[in-house]
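Let me begin by presenting the structure, written as structure tokens, before commenting on it.
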Amino acid sequence: MIESNIGGQRLWLKCECLQTGGAFKLRGATNRLLQLSPEERARGVVAFSSGNHARGVAITARRLGIRAIIVMPADAPQVKIDGTRGEGAEIVLYDRWTESREEIAARIAGESGATIVPSFDDPAIVAGQGTAGLEIIDQLGRSPARILIPCGGGGLASGIALAVPDAEIVIVEPDGWDDMGRSLESGEIVPVAADAPDTFCDAIMTPRVSPITFGILRERNAKALSVSDAEVEDAIRFAWDNHQLVVEPGAAVGLAALIAGKVALVDDTVVVLSGGNVDPALHARIVDKAA
């Protein structure tokens, strides 16, 4: 965690973009796979992800000697596909607009006996992601007042919400993909609209949240915001220009909300930068663009 400053106000950045595998996802994947029985380890695991969970599962599986099959969208950033394959996982590509990753994973699991490792809809995954919250308390030396957290399925946000009960939790999503925010507002799970706009925040393009993550964030009275791609670009440039941090779009949404003034910057605000697996050419275009 590093100190930063916006408009003369100090804040803290929790840099999961520097985590092994380039994202926080290694935490939940490790916790889940360590709980597999010897028989389950022998049959392998299957996961579905646009990239960061995929790589987290692949790294953990390699370390534990477990076969891993990962279902990934064909339009996932090549850096994420290559990184996951480089960890020894087998990749199955699908069309995110016409095919169901859940159905593909279920079919593979049925045929092979592999254990499905979901990206957020699992208590062990949520608990593993929550270790980031425990580290925030340890590194800051106290509970922060507010934590801004990128939200796709809500595994990281709900895990941190459980680990840091005294902090105000603010989840941030891309415009049009704010299903957790709309779910919290309505009191029931609302999926992303069929005509949701495109966004380059691929890591948090989750079509529907889970009862586990929704329930935790509702119980914690989490607040929700959404940001545009243009606002995310500003955050990516800020992280690079001020700290030489490479942050992927989906991981920069919390910082984007602060820079755009969508939430007040109070003392002891922590912003989670959840990953750094961005296509190098895209990152170069963003940071070279005039602010």
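We label chains A, B, ... in the order they appear in the structure tokens, count residues from 1 in each chain, and number ligands from 1 in the order shown.
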Could you pull out the strand (DSSP E) residues of segment 122-160 of chain A, going by DSSP on the backbone, and write them as a VMD selection string? chain A and resid 146 to 150
Interface rows for segment 38-81 of chain A against segment 192-201 of chain A: nearest pair, Å to one decimal, 12 Å, only C-alpha atoms, as CSV:
```
residue,atom,partner,partner_atom,distance
A:Ser50,CA,A:Cys201,CA,10.5
A:Gly51,CA,A:Cys201,CA,11.8
A:Asp75,CA,A:Phe200,CA,10.8
A:Ala76,CA,A:Phe200,CA,10.1
A:Pro77,CA,A:Phe200,CA,9.7
```
Judged by only C-alpha atoms, the minimum distance to Lys80 of chain A among A:Gly152, A:Gly130, A:Gly22, A:Gly176 is found for A:Gly22
Find, counting only C-alpha atoms, the residue in A:Glu168, A:Glu135, A:Glu185, A:Asp178 that gets nearest to Asp268 of chain A. A:Glu168
Skip Lys289 of chain A itself and residues of its chain fewer than 5 positions away, then list as a PyMOL selection string all residues within 12 Å of it, counting only C-alpha atoms. chain A and resi 230+233-234+236-238+241+282-284
I need the residue nearest Met1 of chain A from this list: A:Val270, A:Ala68, A:Ala132, A:Cys15. Use only C-alpha atoms for the distance.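 For Met1 of chain A, the nearest of the candidates is A:Cys15.
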Counting only C-alpha atoms, figure out which residue out of A:Val227, A:Ile212, A:Leu140, A:Ile125 gets nearest to Gly181 of chain A.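 Selected residue with least distance to Gly181 of chain A: A:Val227.
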Quick check, in Å to one decimal: how far apart do atom CA of Gly215 of chain A and atom CA of Gly153 of chain A lie? 12.0 Å
With only C-alpha atoms as the atoms that count, which of A:Asp179, A:Asp267, A:Asp82, A:Glu87 lies nearest to Ile147 of chain A?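 Checking each of A:Asp179, A:Asp267, A:Asp82, A:Glu87 against Ile147 of chain A, counting only C-alpha atoms, the winner is A:Asp267.
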Neighbouring residues of Glu39 of chain A were defined as those with any atom within 12 Å, considering only C-alpha atoms; residues of the same chain fewer than 6 positions away were excluded. Please report them as a ChimeraX atom specification. /A:45,66,113-115
Those residues you just picked out, can you put them in a file as a PDB file, in the first residue's frame with C-alpha atoms?
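Dumped to out_8.pdb:
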```
ATOM      1  CA  VAL A  45     -10.217 -27.927 -11.823  1.00  0.00           C
ATOM      2  CA  ILE A  66      -3.290 -29.797 -10.410  1.00  0.00           C
ATOM      3  CA  GLY A 113     -14.938 -34.828 -12.997  1.00  0.00           C
ATOM      4  CA  ALA A 114     -13.061 -31.569 -12.510  1.00  0.00           C
ATOM      5  CA  THR A 115     -14.103 -29.196  -9.727  1.00  0.00           C
TER       6      THR A 115
END
```
From the options A:His53, A:Arg101, A:Arg43, A:Arg10, which residue's atoms come nearest to Val71 of chain A, counting only C-alpha atoms?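 When distances to Val71 of chain A are compared using only C-alpha atoms, the smallest one comes from A:Arg101.
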Excluding same-chain residues fewer than 3 positions from Ser274 of chain A, what lies within 7 Å of it counting only C-alpha atoms, as a list in words?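 Everything that qualifies: Cys15, Glu16, Cys17, Ala23, Phe24, Pro150 and Ala251 of chain A.
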May I have the selected residues written with all heavy atoms, as a PDB file, in the first residue's frame?
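Output file result_27.pdb follows:
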```pdb
ATOM      1  N   CYS A  15      -2.139  -1.707  -3.804  1.00  0.00           N
ATOM      2  CA  CYS A  15      -1.657  -2.023  -5.149  1.00  0.00           C
ATOM      3  C   CYS A  15      -1.682  -3.519  -5.462  1.00  0.00           C
ATOM      4  O   CYS A  15      -0.634  -4.182  -5.552  1.00  0.00           O
ATOM      5  CB  CYS A  15      -0.248  -1.470  -5.331  1.00  0.00           C
ATOM      6  SG  CYS A  15      -0.160   0.320  -5.092  1.00  0.00           S
ATOM      7  N   GLU A  16      -2.878  -4.053  -5.659  1.00  0.00           N
ATOM      8  CA  GLU A  16      -2.996  -5.441  -6.076  1.00  0.00           C
ATOM      9  C   GLU A  16      -2.524  -5.644  -7.512  1.00  0.00           C
ATOM     10  O   GLU A  16      -2.334  -6.772  -7.958  1.00  0.00           O
ATOM     11  CB  GLU A  16      -4.444  -5.917  -5.930  1.00  0.00           C
ATOM     12  CG  GLU A  16      -4.907  -6.035  -4.496  1.00  0.00           C
ATOM     13  CD  GLU A  16      -4.106  -7.078  -3.728  1.00  0.00           C
ATOM     14  OE1 GLU A  16      -4.272  -8.284  -3.979  1.00  0.00           O
ATOM     15  OE2 GLU A  16      -3.292  -6.677  -2.858  1.00  0.00           O
ATOM     16  N   CYS A  17      -2.275  -4.547  -8.230  1.00  0.00           N
ATOM     17  CA  CYS A  17      -1.678  -4.632  -9.562  1.00  0.00           C
ATOM     18  C   CYS A  17      -0.247  -5.145  -9.489  1.00  0.00           C
ATOM     19  O   CYS A  17       0.314  -5.574 -10.509  1.00  0.00           O
ATOM     20  CB  CYS A  17      -1.717  -3.271 -10.252  1.00  0.00           C
ATOM     21  SG  CYS A  17      -1.038  -1.901  -9.271  1.00  0.00           S
ATOM     22  N   ALA A  23      -2.832  -9.474 -10.283  1.00  0.00           N
ATOM     23  CA  ALA A  23      -4.158  -9.110  -9.771  1.00  0.00           C
ATOM     24  C   ALA A  23      -4.418  -9.819  -8.450  1.00  0.00           C
ATOM     25  O   ALA A  23      -3.753 -10.793  -8.091  1.00  0.00           O
ATOM     26  CB  ALA A  23      -5.249  -9.466 -10.786  1.00  0.00           C
ATOM     27  N   PHE A  24      -5.452  -9.367  -7.761  1.00  0.00           N
ATOM     28  CA  PHE A  24      -5.829  -9.918  -6.457  1.00  0.00           C
ATOM     29  C   PHE A  24      -6.330 -11.344  -6.526  1.00  0.00           C
ATOM     30  O   PHE A  24      -6.436 -12.028  -5.504  1.00  0.00           O
ATOM     31  CB  PHE A  24      -6.920  -9.046  -5.835  1.00  0.00           C
ATOM     32  CG  PHE A  24      -8.268  -9.201  -6.488  1.00  0.00           C
ATOM     33  CD1 PHE A  24      -9.210 -10.090  -5.991  1.00  0.00           C
ATOM     34  CD2 PHE A  24      -8.585  -8.457  -7.609  1.00  0.00           C
ATOM     35  CE1 PHE A  24     -10.453 -10.235  -6.600  1.00  0.00           C
ATOM     36  CE2 PHE A  24      -9.825  -8.584  -8.223  1.00  0.00           C
ATOM     37  CZ  PHE A  24     -10.752  -9.481  -7.723  1.00  0.00           C
ATOM     38  N   PRO A 150     -13.114  -1.808  -6.913  1.00  0.00           N
ATOM     39  CA  PRO A 150     -13.714  -2.205  -8.187  1.00  0.00           C
ATOM     40  C   PRO A 150     -14.637  -3.400  -7.974  1.00  0.00           C
ATOM     41  O   PRO A 150     -14.349  -4.282  -7.157  1.00  0.00           O
ATOM     42  CB  PRO A 150     -12.504  -2.578  -9.049  1.00  0.00           C
ATOM     43  CG  PRO A 150     -11.351  -1.848  -8.429  1.00  0.00           C
ATOM     44  CD  PRO A 150     -11.646  -1.857  -6.964  1.00  0.00           C
ATOM     45  N   ALA A 251      -9.501  -2.181 -13.036  1.00  0.00           N
ATOM     46  CA  ALA A 251      -8.904  -1.999 -11.711  1.00  0.00           C
ATOM     47  C   ALA A 251      -8.811  -0.545 -11.302  1.00  0.00           C
ATOM     48  O   ALA A 251      -8.542  -0.234 -10.143  1.00  0.00           O
ATOM     49  CB  ALA A 251      -7.508  -2.621 -11.688  1.00  0.00           C
TER      50      ALA A 251
END
```
Can you work out the spacing between atom CA of Ser119 of chain A and atom CA of Thr60 of chain A in Å, to one decimal?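 Between atom CA of Ser119 of chain A and atom CA of Thr60 of chain A the gap is 13.7 Å.
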Using DSSP assignments from the backbone, pull out every residue in segment 17-263 of chain A that falls under alpha helix (DSSP H) and give it to me as an MDAnalysis selection string. chainID A and resid 25:34 38:43 52:64 78:86 101:112 123:129 131:140 155:163 179:186 211:219 229:243 253:259
So the first atom is atom CA of Pro73 of chain A and the second is atom CA of Val117 of chain A; what is the distance between them in Å, to one decimal place?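 One can read the atom CA of Pro73 of chain A to atom CA of Val117 of chain A distance as 16.4 Å.
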Which residues, written as number ranges by chain, have at least one atom at most 10 Å from Val79 of chain A, with only C-alpha atoms counted and residues fewer than 4 positions away on the same chain left out? A: 51, 83-85, 277-280
Atoms to include: all heavy atoms. Write the selected residues as a tab-separated table (two decimals), in the first residue's frame.
```
chain	number	residue	atom	x	y	z
A	51	GLY	N	-9.78	-13.33	-17.49
A	51	GLY	CA	-8.33	-13.31	-17.44
A	51	GLY	C	-7.69	-13.35	-16.07
A	51	GLY	O	-6.83	-14.19	-15.82
A	83	GLY	N	-0.81	-14.99	-20.59
A	83	GLY	CA	-0.33	-15.17	-19.22
A	83	GLY	C	-0.91	-16.42	-18.58
A	83	GLY	O	-0.21	-17.15	-17.87
A	84	THR	N	-2.19	-16.69	-18.85
A	84	THR	CA	-2.83	-17.88	-18.29
A	84	THR	C	-2.26	-19.15	-18.92
A	84	THR	O	-1.95	-20.12	-18.21
A	84	THR	CB	-4.35	-17.82	-18.53
A	84	THR	OG1	-4.86	-16.62	-17.94
A	84	THR	CG2	-5.05	-19.01	-17.91
A	85	ARG	N	-2.11	-19.15	-20.22
A	85	ARG	CA	-1.53	-20.31	-20.90
A	85	ARG	C	-0.08	-20.53	-20.45
A	85	ARG	O	0.38	-21.67	-20.31
A	85	ARG	CB	-1.60	-20.12	-22.42
A	85	ARG	CG	-1.09	-21.32	-23.22
A	85	ARG	CD	-1.28	-21.13	-24.71
A	85	ARG	NE	-2.68	-21.29	-25.12
A	85	ARG	CZ	-3.41	-20.33	-25.69
A	85	ARG	NH1	-2.87	-19.12	-25.89
A	85	ARG	NH2	-4.64	-20.56	-26.05
A	277	ASN	N	-3.10	-6.15	-15.46
A	277	ASN	CA	-2.93	-6.93	-16.69
A	277	ASN	C	-3.64	-6.25	-17.85
A	277	ASN	O	-4.75	-6.60	-18.24
A	277	ASN	CB	-3.47	-8.35	-16.48
A	277	ASN	CG	-2.63	-9.14	-15.50
A	277	ASN	OD1	-1.41	-9.10	-15.54
A	277	ASN	ND2	-3.29	-9.84	-14.59
A	278	VAL	N	-2.97	-5.26	-18.40
A	278	VAL	CA	-3.53	-4.48	-19.50
A	278	VAL	C	-2.65	-4.67	-20.74
A	278	VAL	O	-1.42	-4.81	-20.63
A	278	VAL	CB	-3.63	-2.99	-19.13
A	278	VAL	CG1	-2.27	-2.42	-18.73
A	278	VAL	CG2	-4.24	-2.17	-20.26
A	279	ASP	N	-3.28	-4.66	-21.91
A	279	ASP	CA	-2.52	-4.76	-23.15
A	279	ASP	C	-1.53	-3.59	-23.22
A	279	ASP	O	-1.92	-2.44	-23.06
A	279	ASP	CB	-3.47	-4.70	-24.34
A	279	ASP	CG	-2.74	-4.73	-25.67
A	279	ASP	OD1	-2.32	-5.83	-26.07
A	279	ASP	OD2	-2.59	-3.66	-26.29
A	280	PRO	N	-0.24	-3.86	-23.43
A	280	PRO	CA	0.76	-2.79	-23.40
A	280	PRO	C	0.47	-1.68	-24.41
A	280	PRO	O	0.70	-0.50	-24.11
A	280	PRO	CB	2.07	-3.52	-23.74
A	280	PRO	CG	1.84	-4.93	-23.29
A	280	PRO	CD	0.39	-5.20	-23.58
```
Determine, counting only C-alpha atoms, which protein, DNA and RNA residues have an atom within 10 Å of an atom of Val46 of chain A; residues of the same chain fewer than 3 positions away are not included. Present the result as a compact mmCIF listing (two decimals) with N, CA, C and O atoms, in the first residue's frame.
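After the write, result_12.txt holds the following:
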```txt
# COMPACT_ATOMS: atom_id res chain seq x y z
N ARG A 43 -8.51 -35.00 -10.05
CA ARG A 43 -9.44 -34.82 -11.18
C ARG A 43 -9.31 -33.44 -11.82
O ARG A 43 -9.87 -33.19 -12.88
N ALA A 54 -8.61 -16.39 -14.10
CA ALA A 54 -8.01 -17.48 -14.87
C ALA A 54 -6.55 -17.67 -14.50
O ALA A 54 -6.09 -18.79 -14.23
N VAL A 57 -6.07 -18.94 -10.83
CA VAL A 57 -6.31 -20.39 -10.73
C VAL A 57 -5.16 -21.16 -11.36
O VAL A 57 -4.69 -22.17 -10.81
N ALA A 58 -4.68 -20.68 -12.52
CA ALA A 58 -3.60 -21.37 -13.21
C ALA A 58 -2.32 -21.40 -12.37
O ALA A 58 -1.63 -22.43 -12.29
N ARG A 67 -4.21 -30.20 -12.63
CA ARG A 67 -4.57 -29.83 -13.99
C ARG A 67 -5.65 -28.74 -13.95
O ARG A 67 -6.61 -28.82 -13.20
N ALA A 68 -5.48 -27.70 -14.79
CA ALA A 68 -6.44 -26.60 -14.83
C ALA A 68 -6.90 -26.35 -16.25
O ALA A 68 -6.09 -26.23 -17.17
N ILE A 69 -8.21 -26.29 -16.43
CA ILE A 69 -8.82 -25.92 -17.70
C ILE A 69 -9.55 -24.60 -17.47
O ILE A 69 -10.35 -24.47 -16.54
N ILE A 70 -9.29 -23.60 -18.31
CA ILE A 70 -9.86 -22.28 -18.12
C ILE A 70 -10.69 -21.90 -19.34
O ILE A 70 -10.20 -21.93 -20.47
N VAL A 71 -11.94 -21.54 -19.10
CA VAL A 71 -12.84 -21.07 -20.15
C VAL A 71 -12.73 -19.54 -20.19
O VAL A 71 -13.06 -18.86 -19.22
N ALA A 89 -2.00 -23.72 -17.92
CA ALA A 89 -3.42 -24.06 -18.01
C ALA A 89 -3.81 -24.35 -19.46
O ALA A 89 -3.21 -23.84 -20.40
N GLU A 90 -4.85 -25.15 -19.61
CA GLU A 90 -5.45 -25.40 -20.92
C GLU A 90 -6.55 -24.37 -21.13
O GLU A 90 -7.40 -24.19 -20.26
N ILE A 91 -6.58 -23.72 -22.29
CA ILE A 91 -7.51 -22.64 -22.55
C ILE A 91 -8.62 -23.11 -23.50
O ILE A 91 -8.35 -23.71 -24.54
N ILE A 104 -20.47 -24.07 -20.49
CA ILE A 104 -19.26 -24.73 -21.02
C ILE A 104 -18.47 -25.35 -19.88
O ILE A 104 -18.02 -26.50 -19.97
N ALA A 105 -18.29 -24.60 -18.78
CA ALA A 105 -17.54 -25.13 -17.64
C ALA A 105 -18.25 -26.34 -17.04
O ALA A 105 -17.61 -27.32 -16.66
N ALA A 106 -19.59 -26.26 -16.95
CA ALA A 106 -20.35 -27.38 -16.39
C ALA A 106 -20.20 -28.63 -17.25
O ALA A 106 -20.09 -29.75 -16.72
N ILE A 108 -17.61 -29.40 -19.19
CA ILE A 108 -16.25 -29.91 -18.99
C ILE A 108 -16.15 -30.65 -17.65
O ILE A 108 -15.56 -31.73 -17.57
N ALA A 109 -16.74 -30.06 -16.61
CA ALA A 109 -16.70 -30.69 -15.29
C ALA A 109 -17.44 -32.02 -15.31
O ALA A 109 -16.99 -33.00 -14.70
N SER A 112 -15.15 -34.57 -17.21
CA SER A 112 -13.83 -34.88 -16.63
C SER A 112 -13.84 -35.14 -15.14
O SER A 112 -12.87 -35.67 -14.59
N GLY A 113 -14.91 -34.72 -14.46
CA GLY A 113 -14.94 -34.83 -13.00
C GLY A 113 -14.20 -33.70 -12.30
O GLY A 113 -14.03 -33.74 -11.07
N ALA A 114 -13.79 -32.70 -13.09
CA ALA A 114 -13.06 -31.57 -12.51
C ALA A 114 -13.97 -30.74 -11.60
O ALA A 114 -15.19 -30.68 -11.80
N THR A 115 -13.38 -30.09 -10.63
CA THR A 115 -14.10 -29.20 -9.73
C THR A 115 -14.18 -27.81 -10.34
O THR A 115 -13.17 -27.25 -10.78
N ILE A 116 -15.38 -27.24 -10.38
CA ILE A 116 -15.54 -25.88 -10.88
C ILE A 116 -15.09 -24.89 -9.80
O ILE A 116 -15.50 -24.99 -8.64
N VAL A 117 -14.26 -23.95 -10.20
CA VAL A 117 -13.77 -22.91 -9.29
C VAL A 117 -14.31 -21.58 -9.78
O VAL A 117 -13.74 -20.97 -10.68
N PRO A 118 -15.45 -21.13 -9.26
CA PRO A 118 -16.04 -19.87 -9.73
C PRO A 118 -15.19 -18.67 -9.34
O PRO A 118 -14.37 -18.75 -8.42
```
